[in-house]
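Undergrad: To be precise about what I am sending: the file is called structure.tsv and holds TSV, C-alpha atoms.
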```
chain	number	residue	atom	x	y	z
A	1	MET	CA	9.22	-66.68	-6.61
A	2	VAL	CA	11.56	-69.64	-6.83
A	3	GLU	CA	9.85	-70.84	-9.95
A	4	ALA	CA	10.16	-67.36	-11.40
A	5	GLY	CA	13.91	-67.86	-11.20
A	6	ILE	CA	14.80	-65.56	-8.35
A	7	GLY	CA	18.55	-65.51	-7.80
A	8	ARG	CA	18.81	-65.75	-4.04
A	9	LEU	CA	16.24	-66.43	-1.36
A	10	VAL	CA	16.99	-65.85	2.33
A	11	LEU	CA	14.57	-67.55	4.73
A	12	CYS	CA	14.44	-66.40	8.34
A	13	ASP	CA	12.61	-68.52	10.93
A	14	ASP	CA	13.35	-70.61	14.00
A	15	ASP	CA	10.22	-72.69	14.26
A	16	LEU	CA	9.27	-76.32	13.83
A	17	VAL	CA	6.53	-77.54	11.52
A	18	ASP	CA	3.30	-78.00	13.43
A	19	GLU	CA	0.30	-80.00	12.32
A	20	THR	CA	-1.81	-76.84	12.50
A	21	ASN	CA	0.43	-75.23	9.84
A	22	LEU	CA	-0.36	-77.77	7.16
A	23	HIS	CA	-3.63	-76.36	5.87
A	24	ARG	CA	-1.94	-73.15	4.77
A	25	GLN	CA	1.83	-73.59	4.69
A	26	ILE	CA	2.02	-75.55	1.50
A	27	LEU	CA	5.74	-76.26	1.53
A	28	PHE	CA	5.15	-78.74	4.33
A	29	SER	CA	3.53	-82.16	4.54
A	30	GLU	CA	2.54	-84.47	7.38
A	31	ALA	CA	5.96	-86.11	7.25
A	32	ASP	CA	7.54	-82.75	8.17
A	33	VAL	CA	5.59	-82.29	11.41
A	34	GLY	CA	8.01	-81.72	14.28
A	35	THR	CA	10.96	-81.01	12.01
A	36	ASP	CA	12.86	-77.81	11.32
A	37	LYS	CA	10.79	-75.47	9.12
A	38	LEU	CA	13.79	-74.08	7.31
A	39	LEU	CA	15.12	-77.47	6.28
A	40	ALA	CA	11.71	-78.70	5.22
A	41	ALA	CA	11.11	-75.52	3.21
A	42	GLU	CA	14.56	-75.68	1.62
A	43	ARG	CA	14.03	-79.30	0.60
A	44	GLU	CA	10.69	-78.57	-1.02
A	45	LEU	CA	11.92	-75.41	-2.76
A	46	TYR	CA	14.82	-77.28	-4.34
A	47	ARG	CA	12.39	-79.97	-5.41
A	48	LEU	CA	10.32	-77.24	-7.06
A	49	GLY	CA	13.33	-76.07	-9.01
A	50	ALA	CA	15.26	-73.53	-6.99
A	51	ARG	CA	18.70	-72.95	-8.42
A	52	PRO	CA	21.39	-74.95	-6.58
A	53	GLY	CA	22.85	-72.90	-3.77
A	54	SER	CA	20.29	-70.12	-4.14
A	55	ILE	CA	18.63	-70.61	-0.75
A	56	GLU	CA	20.15	-69.28	2.46
A	57	LEU	CA	18.77	-70.25	5.85
A	58	VAL	CA	18.81	-67.96	8.88
A	59	ARG	CA	17.76	-70.02	11.87
A	60	SER	CA	16.57	-67.17	14.05
A	61	ARG	CA	13.67	-64.91	14.61
A	62	PHE	CA	13.79	-61.52	12.92
A	63	LEU	CA	15.05	-59.56	15.92
A	64	PRO	CA	16.39	-56.10	16.70
A	65	ASP	CA	19.89	-57.62	16.77
A	66	ASN	CA	19.78	-58.94	13.22
A	67	ALA	CA	17.01	-56.93	11.55
A	68	ARG	CA	19.12	-54.30	9.82
A	69	ASP	CA	21.75	-56.77	8.64
A	70	LEU	CA	19.09	-59.04	7.20
A	71	ALA	CA	17.27	-56.19	5.48
A	72	ARG	CA	20.52	-54.86	4.03
A	73	SER	CA	21.47	-58.26	2.66
A	74	VAL	CA	18.59	-58.51	0.16
A	75	ASP	CA	16.98	-56.49	-2.62
A	76	VAL	CA	13.43	-56.84	-1.31
A	77	VAL	CA	11.98	-58.08	1.98
A	78	LEU	CA	8.78	-60.11	2.28
A	79	GLU	CA	7.39	-59.82	5.78
A	80	GLY	CA	4.72	-62.28	6.91
A	81	ALA	CA	5.18	-62.17	10.65
A	82	ASP	CA	2.48	-63.38	13.02
A	83	ASN	CA	3.03	-60.56	15.50
A	84	PHE	CA	2.97	-56.78	15.37
A	85	ALA	CA	6.32	-56.29	17.06
A	86	THR	CA	8.07	-58.02	14.18
A	87	LYS	CA	5.98	-56.20	11.59
A	88	PHE	CA	6.95	-52.80	12.97
A	89	LEU	CA	10.55	-53.90	13.47
A	90	CYS	CA	10.74	-55.00	9.85
A	91	ALA	CA	9.19	-51.76	8.64
A	92	ASP	CA	11.72	-49.75	10.62
A	93	ALA	CA	14.73	-51.85	9.60
A	94	CYS	CA	13.83	-51.74	5.92
A	95	PHE	CA	13.39	-47.98	5.94
A	96	LEU	CA	16.63	-47.42	7.84
A	97	GLU	CA	18.46	-49.67	5.37
A	98	GLY	CA	16.70	-48.29	2.31
A	99	ARG	CA	15.11	-51.56	1.28
A	100	PRO	CA	11.64	-52.09	-0.20
A	101	VAL	CA	9.35	-54.34	1.80
A	102	VAL	CA	6.15	-56.21	1.11
A	103	HIS	CA	4.07	-56.63	4.26
A	104	GLY	CA	1.48	-59.41	4.29
A	105	ALA	CA	-0.99	-60.67	6.85
A	106	ALA	CA	-3.95	-63.02	6.98
A	107	VAL	CA	-6.31	-63.65	9.86
A	108	ARG	CA	-9.63	-65.44	9.78
A	109	LEU	CA	-11.14	-64.46	6.41
A	110	ARG	CA	-9.17	-61.33	5.68
A	111	ALA	CA	-5.82	-60.69	4.08
A	112	THR	CA	-3.88	-57.48	3.56
A	113	VAL	CA	-0.79	-56.79	1.48
A	114	LEU	CA	1.12	-53.51	1.48
A	115	CYS	CA	4.14	-52.72	-0.68
A	116	VAL	CA	6.49	-50.04	0.66
A	117	ALA	CA	9.23	-48.16	-1.17
A	118	PRO	CA	12.78	-47.93	0.22
A	119	SER	CA	12.03	-44.33	1.13
A	120	GLY	CA	8.61	-45.11	2.61
A	121	ALA	CA	6.07	-42.29	2.25
A	122	PRO	CA	3.85	-44.16	2.70
A	123	CYS	CA	5.18	-46.88	5.00
A	124	TYR	CA	3.64	-49.37	7.44
A	125	ARG	CA	3.74	-46.73	10.17
A	126	CYS	CA	1.84	-44.36	7.89
A	127	LEU	CA	-0.91	-46.97	7.83
A	128	PHE	CA	-0.77	-48.10	11.47
A	129	GLU	CA	1.16	-45.74	13.67
A	130	ASP	CA	2.39	-48.06	16.36
A	131	LEU	CA	1.86	-51.35	18.12
A	132	PRO	CA	-1.64	-52.16	19.40
A	133	SER	CA	-2.12	-53.39	22.91
A	134	GLY	CA	-4.74	-54.60	25.39
A	135	ARG	CA	-8.06	-56.22	24.59
A	136	ALA	CA	-8.09	-54.84	21.07
A	137	ALA	CA	-5.50	-57.49	20.29
A	138	PRO	CA	-7.04	-60.95	20.72
A	139	ASN	CA	-4.56	-63.78	20.41
A	140	CYS	CA	-3.87	-65.97	17.39
A	141	ALA	CA	-5.61	-68.97	18.86
A	142	GLU	CA	-8.84	-66.99	19.08
A	143	ALA	CA	-8.49	-65.66	15.57
A	144	GLY	CA	-7.62	-68.64	13.35
A	145	VAL	CA	-7.17	-68.38	9.60
A	146	LEU	CA	-8.52	-70.07	6.48
A	147	GLY	CA	-5.85	-71.65	4.29
A	148	PRO	CA	-6.84	-70.09	0.94
A	149	ILE	CA	-6.80	-66.63	2.50
A	150	VAL	CA	-3.12	-67.12	3.33
A	151	GLY	CA	-2.59	-68.39	-0.21
A	152	PHE	CA	-4.14	-65.22	-1.61
A	153	ALA	CA	-1.86	-63.06	0.52
A	154	GLY	CA	1.22	-65.08	-0.36
A	155	ALA	CA	0.55	-65.01	-4.08
A	156	LEU	CA	-0.03	-61.27	-4.04
A	157	MET	CA	3.10	-60.70	-1.96
A	158	ALA	CA	5.15	-62.64	-4.49
A	159	ASP	CA	3.59	-60.64	-7.32
A	160	ARG	CA	4.47	-57.37	-5.58
A	161	ALA	CA	8.01	-58.50	-4.81
A	162	LEU	CA	8.61	-59.52	-8.41
A	163	SER	CA	7.24	-56.17	-9.56
A	164	VAL	CA	9.71	-54.40	-7.27
A	165	LEU	CA	12.59	-56.51	-8.55
A	166	LEU	CA	11.58	-55.67	-12.11
A	167	GLY	CA	11.63	-51.96	-11.29
A	168	ASP	CA	7.90	-51.33	-11.34
A	169	ASN	CA	7.46	-48.49	-8.85
A	170	ARG	CA	3.71	-48.31	-9.32
A	171	VAL	CA	3.20	-50.92	-6.62
A	172	PHE	CA	4.67	-48.74	-3.87
A	173	GLY	CA	2.05	-47.48	-1.46
A	174	ASN	CA	-0.49	-49.94	-2.78
A	175	LEU	CA	-2.65	-51.62	-0.14
A	176	VAL	CA	-4.89	-54.55	-0.98
A	177	SER	CA	-7.42	-55.92	1.48
A	178	PHE	CA	-9.24	-59.13	0.61
A	179	ASP	CA	-12.37	-60.26	2.38
A	180	GLY	CA	-12.87	-63.98	1.97
A	181	LYS	CA	-16.46	-63.85	3.09
A	182	THR	CA	-17.56	-61.51	0.33
A	183	ASP	CA	-14.69	-62.40	-2.04
A	184	ARG	CA	-14.10	-58.69	-2.52
A	185	ALA	CA	-10.63	-57.24	-2.89
A	186	ARG	CA	-10.23	-53.56	-2.14
A	187	GLU	CA	-7.21	-51.70	-3.46
A	188	VAL	CA	-6.17	-48.24	-2.36
A	189	THR	CA	-3.08	-46.14	-2.81
A	190	LEU	CA	-2.08	-44.87	0.59
A	191	SER	CA	-0.96	-41.36	1.37
A	192	ALA	CA	2.02	-40.68	3.58
A	193	ARG	CA	1.21	-39.69	7.15
A	194	PRO	CA	2.44	-36.08	7.49
A	195	ARG	CA	3.98	-36.71	10.91
A	196	CYS	CA	4.97	-40.34	10.46
A	197	ALA	CA	7.55	-41.30	13.08
A	198	LEU	CA	9.50	-43.32	10.52
A	199	CYS	CA	9.39	-41.72	7.09
A	200	SER	CA	8.23	-38.09	7.39
A	201	ALA	CA	10.37	-34.99	7.75
A	202	GLU	CA	9.47	-35.09	11.45
A	203	ARG	CA	10.58	-38.67	11.91
A	204	ASN	CA	12.15	-39.70	15.19
A	205	ILE	CA	13.00	-43.35	14.59
A	206	GLU	CA	16.68	-43.30	13.76
A	207	SER	CA	17.74	-46.66	15.12
A	208	ILE	CA	16.47	-50.04	16.28
A	209	SER	CA	15.98	-50.53	20.02
A	210	TYR	CA	14.34	-53.46	21.82
A	211	ASP	CA	11.98	-51.38	23.91
A	212	ARG	CA	10.17	-50.07	20.85
A	213	TYR	CA	8.93	-53.54	19.94
A	214	THR	CA	7.23	-54.76	23.08
A	215	ALA	CA	3.59	-55.62	22.48
A	216	ALA	CA	0.94	-58.28	22.28
A	217	SER	CA	2.07	-61.25	20.28
A	218	CYS	CA	-0.75	-61.39	17.77
A	219	ALA	CA	-3.85	-59.48	16.87
A	220	ALA	CA	-6.81	-59.45	14.59
B	1	MET	CA	-27.95	-43.99	5.55
B	2	ALA	CA	-24.31	-44.80	4.97
B	3	THR	CA	-23.16	-48.35	4.39
B	4	VAL	CA	-20.49	-49.48	6.81
B	5	ARG	CA	-18.33	-52.44	5.85
B	6	ILE	CA	-17.45	-54.42	8.95
B	7	PRO	CA	-14.12	-56.30	9.06
B	8	THR	CA	-14.12	-59.89	10.24
B	9	PRO	CA	-12.77	-59.22	13.74
B	10	LEU	CA	-15.66	-56.86	14.51
B	11	ARG	CA	-18.47	-59.00	13.13
B	12	THR	CA	-19.01	-60.54	16.55
B	13	LEU	CA	-20.51	-57.14	17.38
B	14	THR	CA	-22.81	-57.04	14.35
B	15	GLY	CA	-24.27	-60.51	14.61
B	16	GLY	CA	-22.00	-61.72	11.84
B	17	GLU	CA	-23.10	-59.05	9.36
B	18	ASP	CA	-20.33	-57.91	7.03
B	19	GLN	CA	-22.05	-54.63	6.30
B	20	VAL	CA	-24.61	-52.58	8.15
B	21	GLN	CA	-26.45	-49.34	7.57
B	22	ALA	CA	-26.14	-46.39	9.90
B	23	ALA	CA	-27.40	-42.83	9.79
B	24	GLY	CA	-25.26	-39.78	10.33
B	25	ASP	CA	-24.04	-36.60	8.72
B	26	THR	CA	-20.43	-37.29	9.69
B	27	VAL	CA	-18.25	-40.32	10.37
B	28	LYS	CA	-18.49	-39.58	14.10
B	29	ASP	CA	-22.30	-39.52	13.91
B	30	VAL	CA	-22.31	-42.84	12.09
B	31	ILE	CA	-20.09	-44.45	14.73
B	32	GLU	CA	-22.35	-43.14	17.50
B	33	ASN	CA	-25.37	-44.59	15.75
B	34	LEU	CA	-23.53	-47.86	15.17
B	35	GLU	CA	-22.88	-48.01	18.89
B	36	LYS	CA	-26.61	-47.82	19.63
B	37	ASN	CA	-27.33	-50.93	17.57
B	38	HIS	CA	-24.04	-52.71	18.12
B	39	PRO	CA	-22.79	-51.88	21.61
B	40	GLY	CA	-19.05	-52.10	22.01
B	41	ILE	CA	-18.10	-51.16	18.48
B	42	ARG	CA	-17.22	-47.58	19.35
B	43	GLU	CA	-14.62	-48.72	21.86
B	44	ARG	CA	-13.02	-50.92	19.23
B	45	LEU	CA	-12.70	-47.98	16.86
B	46	LEU	CA	-12.06	-44.95	19.03
B	47	ASP	CA	-10.09	-43.98	22.10
B	48	ASP	CA	-9.94	-40.68	23.91
B	49	LYS	CA	-7.67	-39.28	21.19
B	50	GLY	CA	-9.90	-40.24	18.28
B	51	VAL	CA	-9.52	-43.16	15.88
B	52	ARG	CA	-7.36	-45.87	17.42
B	53	ARG	CA	-3.88	-45.87	15.97
B	54	PHE	CA	-4.10	-49.39	14.55
B	55	VAL	CA	-7.44	-48.79	12.85
B	56	ASN	CA	-8.03	-46.93	9.62
B	57	ILE	CA	-11.39	-45.69	8.47
B	58	TYR	CA	-12.08	-44.97	4.83
B	59	VAL	CA	-14.92	-43.13	3.13
B	60	GLY	CA	-14.90	-44.65	-0.30
B	61	ASP	CA	-11.20	-44.91	-1.06
B	62	GLU	CA	-10.18	-41.92	1.06
B	63	ASP	CA	-8.63	-42.31	4.47
B	64	ILE	CA	-10.50	-39.95	6.79
B	65	ARG	CA	-7.15	-38.76	8.19
B	66	PHE	CA	-6.71	-36.98	4.89
B	67	LEU	CA	-10.26	-35.66	4.84
B	68	ASP	CA	-11.73	-34.07	7.96
B	69	GLY	CA	-11.14	-36.95	10.33
B	70	LEU	CA	-14.18	-37.96	12.34
B	71	ALA	CA	-15.87	-34.74	11.19
B	72	THR	CA	-15.77	-35.90	7.57
B	73	ALA	CA	-19.15	-35.17	6.02
B	74	LEU	CA	-21.06	-38.03	4.44
B	75	LYS	CA	-23.50	-38.51	1.64
B	76	ALA	CA	-26.23	-41.12	1.85
B	77	THR	CA	-24.50	-43.17	-0.83
B	78	ASP	CA	-21.11	-43.22	0.90
B	79	GLU	CA	-19.52	-46.48	1.92
B	80	ILE	CA	-17.40	-46.51	5.05
B	81	SER	CA	-14.73	-49.18	5.42
B	82	ILE	CA	-13.00	-50.09	8.66
B	83	VAL	CA	-9.50	-51.51	8.20
B	84	PRO	CA	-7.86	-52.76	11.40
B	85	ALA	CA	-4.28	-53.95	11.60
B	86	ILE	CA	-3.84	-57.71	11.39
B	87	ALA	CA	-0.85	-59.95	11.97
B	88	GLY	CA	-0.71	-63.62	11.14
B	89	GLY	CA	-0.71	-66.07	8.32
```
Kindly transcribe the structure held in the file into structure tokens.
TA:
Amino acid sequence: MVEAGIGRLVLCDDDLVDETNLHRQILFSEADVGTDKLLAAERELYRLGARPGSIELVRSRFLPDNARDLARSVDVVLEGADNFATKFLCADACFLEGRPVVHGAAVRLRATVLCVAPSGAPCYRCLFEDLPSGRAAPNCAEAGVLGPIVGFAGALMADRALSVLLGDNRVFGNLVSFDGKTDRAREVTLSARPRCALCSAERNIESISYDRYTAASCAA
Amino acid sequence: MATVRIPTPLRTLTGGEDQVQAAGDTVKDVIENLEKNHPGIRERLLDDKGVRRFVNIYVGDEDIRFLDGLATALKATDEISIVPAIAGG
């Protein structure tokens, strides 16, 4: 997206670069291990050609306290969180602030990308109603992920975000699932869930509250 | 026999197979027959209210929520896809 000339990029994270990130997080190198992810990413993005001053760093997790402000501050949100709580929080914040969002995920050999309109219908909660829990949600360490699968998801997320910025509404509601074992990508246009808690006429999510986002940290 | 595409997280239950065949006139029948050959898969897909809320099941490109749910009738040539929620990257 930087090389496409995007005007302003806001990065939100609070983590350090870990050696286990390197096979898939291509902004980082071995020399960055143990350092601040945001600074390492910023440095590499400017090296790639980001416009001077176009990158803003938010050294925090995406949390109920800052979610709506962050969503409101941009034209499109790219969500690649490693936990369901953040994914649902982002979906809710973007809908409440009227912002389009591209959700992406990759675990093991599978990637999914969903692009959601500012008005939802369908939204992430139309696809997956609420947070999973219990043994159906094995942890990240059990799951693992293959680097190129993340690359596929990231490239498609960027494509969708650029489409949104260019005013192409055809991408809204589009869900792509890629299976790296069979190399098959499956694309469907979702339908809105008639009683979606977030974006239907019967919606009941009107605000962001901490207790709504308590769940297992990662799942596959 | 319907073809059921198995997502990566559930392939531990199918011996690594990414697709399996299962008989059944409806999606529910197919899942019950899957369970006979791959014990444990039903619990990963269904709870006492029906399809688990973080799993979607498609017949072709249609989400069964917008068909007849688990009672959705199947043809022998139908392909069923299971799409669970994932988080990570």
Undergrad: Find the residues of chain A in contact range of chain B, meaning any atom within 9 Å when counting only C-alpha atoms, and list them as an NGL selection string.
TA: :A and (24-25 or 80-84 or 87 or 104-112 or 127-132 or 136 or 140 or 143-147 or 149-150 or 153-154 or 177 or 179 or 181-182 or 186-191 or 193 or 217-220)
Undergrad: With a distance cut-off of 9 Å and all atoms listed in the file, select the neighbouring residues of A:Gly34, excluding the residue or stretch itself and same-chain residues fewer than 3 positions from it, and output the selection as a PDB file with C-alpha atoms, keeping the file's coordinate frame.
TA:
```
ATOM      1  CA  LEU A  16       9.270 -76.320  13.830  1.00  0.00           C
ATOM      2  CA  VAL A  17       6.530 -77.540  11.520  1.00  0.00           C
ATOM      3  CA  ASP A  18       3.300 -78.000  13.430  1.00  0.00           C
ATOM      4  CA  GLU A  19       0.300 -80.000  12.320  1.00  0.00           C
ATOM      5  CA  ALA A  31       5.960 -86.110   7.250  1.00  0.00           C
ATOM      6  CA  LYS A  37      10.790 -75.470   9.120  1.00  0.00           C
TER       7      LYS A  37
END
```
Undergrad: Any idea what's packed within 9 Å of stretch 172-174 of chain A, counting only C-alpha atoms, ignoring anything in its chain fewer than 2 positions away? Could you give it as a VMD selection string?
TA: chain A and resid 100 113 to 117 120 to 123 160 164 168 to 170 176 187 to 192
Undergrad: For a test of reading the model, state the distance in Å between atom CA of A:Arg43 and atom CA of A:Ala155, rounded to one decimal.
TA: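 Interatomic distance here is 20.2 Å.
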Undergrad: Could you tell me how far atom CA of B:Gly24 lies from atom CA of A:Arg195, in Å and to one decimal?
TA: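 Value for the atom CA of B:Gly24-atom CA of A:Arg195 distance: 29.4 Å.
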Undergrad: Need to verify the contact set: A:Leu70, 9 Å, only C-alpha atoms, exclusion of same-chain residues closer than 4 positions in sequence. Can you return it as a list of chain:residue names?
TA: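 Non-adjacent residues within range: A:Val10, A:Cys12, A:Phe62, A:Asn66, A:Val74, A:Val77, A:Ala93.
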